[in-house]
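Q: Submitted below is the structure of interest, expressed as structure tokens.
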Amino acid sequence: MKLILAIVNNDDAHSVNAGLSKSGFFVTKISSTGGFLMNGNSTFLIGLNDEDVDHAIEIISRFSQKRIQSVPMDIGYTAPSYASSFPTEVTVGGATVFVLNVERYERL
Ligand code: 2BA
């Protein structure tokens, strides 16, 4: 058994959730915040059989868009010389996905 942790843009969260649920996956959605942009995003926990991992990732990928976002000017600046090496825009997403082994799973 595996656990997928998938971090998704809030704007895609509804479609990802619906796509996974319609395909029979059990899903928990947690409200989270990206450490870099400090914007809200959504983290999905999906417990599933090993052979279903690729199918779940395909669904997450289908509904997760890449977006260009501006970096707020006050992120991490300590000195003017540092500012010039800092990105002004970043590409966010589609999704960031981790697949973890599950030692034990029980629904009590
Ligand atoms: P954030 O941390 O807000 O990052 C938003 C985007 O900013 C990232 O998009 C990446 O393009 C850029 N970025 C992040 N940290 C950076 C840094 N130190 N220097 C320069 N650019 C940086 P994504 O890579 O698509 O990540 C989207 C969100 O997924 C992240 O939001 C974070 O919440 C999560 N995430 C991504 N990689 C992660 C990781 N290895 N561990 C935990 N969470 C991760």
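In the structure tokens, chains take letters A, B, ... by order of appearance, with residues numbered from 1 within each chain and ligands from 1 in the order shown.
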Against ligand 1, which residues of chain A fall within 6 Å? For each one I want the closest pair of atoms and the distance in Å (one decimal), counting only C-alpha atoms and all ligand atoms, rows by chain and increasing residue number, as CSV.

A:
residue,atom,partner,partner_atom_place_in_ligand_line,distance
A:Ile7,CA,ligand 1,29 (O),5.3
A:Thr33,CA,ligand 1,33 (O),5.8
A:Gly34,CA,ligand 1,33 (O),3.2
A:Gly35,CA,ligand 1,2 (O),4.0
A:Phe36,CA,ligand 1,2 (O),3.6
A:Leu37,CA,ligand 1,3 (O),3.7
A:Met38,CA,ligand 1,3 (O),5.3
A:Asn39,CA,ligand 1,3 (O),5.9
A:Val90,CA,ligand 1,11 (O),4.7
A:Thr91,CA,ligand 1,11 (O),4.6
A:Val92,CA,ligand 1,9 (O),3.7
A:Gly93,CA,ligand 1,25 (O),3.5
A:Thr96,CA,ligand 1,29 (O),5.3

Q: Atoms to include: C-alpha atoms. Write the selected residues as a tab-separated table (two decimals), in the first residue's frame.

A:
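The new file result.tsv reads:
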chain	number	residue	atom	x	y	z
A	7	ILE	CA	0.30	19.60	-3.30
A	33	THR	CA	0.47	27.11	2.62
A	34	GLY	CA	3.51	27.18	0.35
A	35	GLY	CA	6.61	28.17	2.29
A	36	PHE	CA	8.04	30.30	-0.52
A	37	LEU	CA	5.10	32.36	-1.81
A	38	MET	CA	3.08	31.97	1.41
A	39	ASN	CA	-0.02	31.43	-0.75
A	90	VAL	CA	8.19	31.52	-10.61
A	91	THR	CA	6.40	28.68	-12.35
A	92	VAL	CA	4.06	27.02	-9.88
A	93	GLY	CA	2.73	23.50	-10.37
A	96	THR	CA	4.08	18.33	-6.42

Q: When distances are computed from only C-alpha atoms, which of A:Thr88, A:Ser61, A:Asn49, A:Ser21 shows the smallest separation from Ala6 of chain A?

A: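 So, comparing all the options, the nearest one is A:Ser61.
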
Q: Could you check the closest approach to Leu100 of chain A for each of A:Asp74, A:Lys29, A:Leu48, A:Ala18 and tell me which residue wins, using only C-alpha atoms?

A: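 Among A:Asp74, A:Lys29, A:Leu48, A:Ala18, it is A:Leu48 that comes nearest to Leu100 of chain A.
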
Q: Taking the chain letters and numbering used in this document, name the residues of chain A that DSSP puts in helix (DSSP H, G or I), as a ChimeraX atom specification.

A: /A:10-22,50-63,80-83

Q: Once you have the residues from the selection above, write them out as a PDB file, in the first residue's frame, restricted to C-alpha atoms.

A:
ATOM      1  CA  ASN A  10      -6.188  25.934  -4.830  1.00  0.00           C
ATOM      2  CA  ASP A  11      -7.727  26.811  -8.203  1.00  0.00           C
ATOM      3  CA  ASP A  12      -7.311  23.171  -9.332  1.00  0.00           C
ATOM      4  CA  ALA A  13      -8.250  21.530  -6.037  1.00  0.00           C
ATOM      5  CA  HIS A  14     -11.942  21.066  -6.801  1.00  0.00           C
ATOM      6  CA  SER A  15     -11.284  19.366 -10.163  1.00  0.00           C
ATOM      7  CA  VAL A  16      -8.544  17.144  -8.734  1.00  0.00           C
ATOM      8  CA  ASN A  17     -10.779  16.132  -5.834  1.00  0.00           C
ATOM      9  CA  ALA A  18     -13.731  15.371  -8.107  1.00  0.00           C
ATOM     10  CA  GLY A  19     -11.572  13.456 -10.597  1.00  0.00           C
ATOM     11  CA  LEU A  20     -10.062  11.255  -7.883  1.00  0.00           C
ATOM     12  CA  SER A  21     -13.348  10.618  -6.078  1.00  0.00           C
ATOM     13  CA  LYS A  22     -15.187   9.735  -9.301  1.00  0.00           C
ATOM     14  CA  ASP A  50       0.444  -0.008  -5.258  1.00  0.00           C
ATOM     15  CA  GLU A  51      -1.008  -0.827  -8.676  1.00  0.00           C
ATOM     16  CA  ASP A  52      -3.294   2.241  -8.592  1.00  0.00           C
ATOM     17  CA  VAL A  53      -0.547   4.840  -8.000  1.00  0.00           C
ATOM     18  CA  ASP A  54       0.050   5.626 -11.688  1.00  0.00           C
ATOM     19  CA  HIS A  55      -3.678   6.037 -12.332  1.00  0.00           C
ATOM     20  CA  ALA A  56      -4.048   8.488  -9.412  1.00  0.00           C
ATOM     21  CA  ILE A  57      -1.007  10.515 -10.548  1.00  0.00           C
ATOM     22  CA  GLU A  58      -2.418  10.639 -14.087  1.00  0.00           C
ATOM     23  CA  ILE A  59      -5.673  12.133 -12.736  1.00  0.00           C
ATOM     24  CA  ILE A  60      -3.818  14.668 -10.561  1.00  0.00           C
ATOM     25  CA  SER A  61      -1.675  15.653 -13.545  1.00  0.00           C
ATOM     26  CA  ARG A  62      -4.704  15.997 -15.870  1.00  0.00           C
ATOM     27  CA  PHE A  63      -6.370  18.574 -13.632  1.00  0.00           C
ATOM     28  CA  PRO A  80      19.884  45.220  -1.950  1.00  0.00           C
ATOM     29  CA  SER A  81      22.678  43.161  -3.558  1.00  0.00           C
ATOM     30  CA  TYR A  82      20.773  39.959  -2.763  1.00  0.00           C
ATOM     31  CA  ALA A  83      17.630  41.279  -4.472  1.00  0.00           C
TER      32      ALA A  83
END

Q: Out of A:Phe98, A:Phe86, A:Arg104, A:Val71, which residue has the shortest atom-to-atom distance to Leu45 of chain A when counting only C-alpha atoms?

A: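 Among the listed residues, A:Phe98 lies closest to Leu45 of chain A.
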
Q: Closest to Ser31 of chain A among A:Gly47, A:Ser70, A:Asn9, A:Ala95, using only C-alpha atoms?

A: A:Asn9

Q: Identify which of the residues A:Val102, A:Leu108, A:Val97, A:Ile46 lies closest to Val8 of chain A, counting only C-alpha atoms when measuring atom-to-atom distances.

A: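 Residue with the minimum atom-to-atom distance to Val8 of chain A: A:Val97.
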
Q: In Å, rounded to a single decimal, give me how far atom CA of Tyr105 of chain A is from atom CA of Leu3 of chain A.

A: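 According to the coordinates, atom CA of Leu3 of chain A and atom CA of Tyr105 of chain A are separated by 10.0 Å.
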
Q: May I ask which of the residues A:Gln69, A:Ser64, A:Thr28, A:Ser23 is the closest one to Ile4 of chain A, counting only C-alpha atoms?

A: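 Among the listed residues, the smallest separation from Ile4 of chain A belongs to A:Thr28.
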
Q: Expressed in Å to a single decimal, how great is the separation between atom CA of Phe25 of chain A and atom CA of Arg107 of chain A?

A: 14.8 Å

Q: Tell me, in Å to one decimal, how far atom CA of Lys66 of chain A is from atom CA of Val99 of chain A.

A: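 Computed distance, atom CA of Lys66 of chain A to atom CA of Val99 of chain A, equals 20.5 Å.
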